[in-house]
Amino acid sequence: AIALEHLDAVAPIVRLAREHEDTEVQSRALDLVATAAQNNPRAQRAFQSHNSLTVAVNHMKTASDANVRLKAVPAASSLVRDQPAHAGVLEQLGGLEALAVCMRAPGERVRVKTMHLLKYLLDETALK
């Protein structure tokens with residue numbers, strides 16, 4: 001994750017997740033966000049400085065591709081874990097509504113990942 005910062009790769013990764021026309025590229029970029037940000041406060045801050053949570057929430061709400069939605073949930077989850085300010089941003093962005101959309105989406109995997117994030121958010125320390 002630190003190497004991504006040093007290579008100035010964070011902004012391009014977020015841009016690929018947000019703008020690329022190929023949903024496979026979007027999915028892989030979101031997967032990279034999730035992997036790099038997981039349990040890594042420095043990476044969480046670096047990705048969030050490029051509005052990656054906004055990108056993830058938008059995909060959770062509106063993605064027409066199931067795999068993009070599937071990858072957006074763990075990206076959002078990795079960005080908010082142990083980051084109360086990011087959890088607040090998630091709420092402000094309509095992330096709870098996005099999670100409701102994901103719970104109604106077809107496919108068990110996206111619903112399971114959504115439930116894990118919801119469980120975390122319902123913890124008394126997550127949203128204050």
# chains A, B, ... in the order shown; residues from 1 in each chain; ligands from 1
$ residues_around --residues "Gln92 (chain A)" --least-positions-apart "4" --cutoff "12 Å" --atoms "only C-alpha atoms" --output "MDAnalysis selection string"
chainID A and resid 53:54 57 85:88 96:98 127
$ write_last_selection --atoms "N, CA and C atoms" --output "PDB file, in the first residue's frame"
ATOM      1  N   LEU A  53     -14.241   6.492  -1.224  1.00  0.00           N
ATOM      2  CA  LEU A  53     -15.473   6.046  -0.576  1.00  0.00           C
ATOM      3  C   LEU A  53     -16.689   6.491  -1.390  1.00  0.00           C
ATOM      4  N   THR A  54     -16.620   7.673  -1.952  1.00  0.00           N
ATOM      5  CA  THR A  54     -17.692   8.151  -2.833  1.00  0.00           C
ATOM      6  C   THR A  54     -17.857   7.220  -4.022  1.00  0.00           C
ATOM      7  N   VAL A  57     -19.446   3.883  -2.808  1.00  0.00           N
ATOM      8  CA  VAL A  57     -20.873   4.036  -2.495  1.00  0.00           C
ATOM      9  C   VAL A  57     -21.684   4.204  -3.779  1.00  0.00           C
ATOM     10  N   ALA A  85     -14.147   8.712  11.333  1.00  0.00           N
ATOM     11  CA  ALA A  85     -14.462   9.830  10.429  1.00  0.00           C
ATOM     12  C   ALA A  85     -14.930   9.310   9.077  1.00  0.00           C
ATOM     13  N   HIS A  86     -14.323   8.240   8.602  1.00  0.00           N
ATOM     14  CA  HIS A  86     -14.730   7.673   7.312  1.00  0.00           C
ATOM     15  C   HIS A  86     -16.113   7.038   7.417  1.00  0.00           C
ATOM     16  N   ALA A  87     -16.413   6.435   8.571  1.00  0.00           N
ATOM     17  CA  ALA A  87     -17.756   5.874   8.771  1.00  0.00           C
ATOM     18  C   ALA A  87     -18.793   6.988   8.715  1.00  0.00           C
ATOM     19  N   GLY A  88     -18.459   8.146   9.257  1.00  0.00           N
ATOM     20  CA  GLY A  88     -19.357   9.297   9.170  1.00  0.00           C
ATOM     21  C   GLY A  88     -19.540   9.764   7.741  1.00  0.00           C
ATOM     22  N   LEU A  96     -25.716   4.046   3.911  1.00  0.00           N
ATOM     23  CA  LEU A  96     -26.665   3.108   4.516  1.00  0.00           C
ATOM     24  C   LEU A  96     -27.745   2.733   3.502  1.00  0.00           C
ATOM     25  N   GLU A  97     -28.173   3.695   2.711  1.00  0.00           N
ATOM     26  CA  GLU A  97     -29.127   3.400   1.637  1.00  0.00           C
ATOM     27  C   GLU A  97     -28.483   2.494   0.581  1.00  0.00           C
ATOM     28  N   ALA A  98     -27.202   2.741   0.307  1.00  0.00           N
ATOM     29  CA  ALA A  98     -26.488   1.890  -0.649  1.00  0.00           C
ATOM     30  C   ALA A  98     -26.409   0.458  -0.145  1.00  0.00           C
ATOM     31  N   LEU A 127     -20.322   4.285  14.357  1.00  0.00           N
ATOM     32  CA  LEU A 127     -21.000   5.527  13.992  1.00  0.00           C
ATOM     33  C   LEU A 127     -21.321   6.307  15.255  1.00  0.00           C
TER      34      LEU A 127
END
$ residues_around --residues "Ala34 (chain A)" --least-positions-apart "4" --cutoff "9 Å" --atoms "only C-alpha atoms" --output "list in words"
Ala29, Leu30, Gln38, Lys71, Ala72, Val73, Pro74, Ala75, Ala76, Ser77, Ser78 and Leu79 of chain A
$ atom_distance --atom1 "CA of Asn51 (chain A)" --atom2 "CA of Ala66 (chain A)"
21.8 Å
$ residues_around --residues "Leu4 (chain A)" --least-positions-apart "6" --cutoff "9 Å" --atoms "only C-alpha atoms" --output "VMD selection string"
chain A and resid 10 36 43
$ closest_residue --among "A:Leu121, A:Gly94, A:Met115, A:Val14" --to "Met60 (chain A)" --atoms "only C-alpha atoms"
A:Gly94
$ closest_residue --among "A:Asn58, A:Asn40, A:Asn67, A:Thr35" --to "Thr23 (chain A)" --atoms "only C-alpha atoms"
A:Asn67
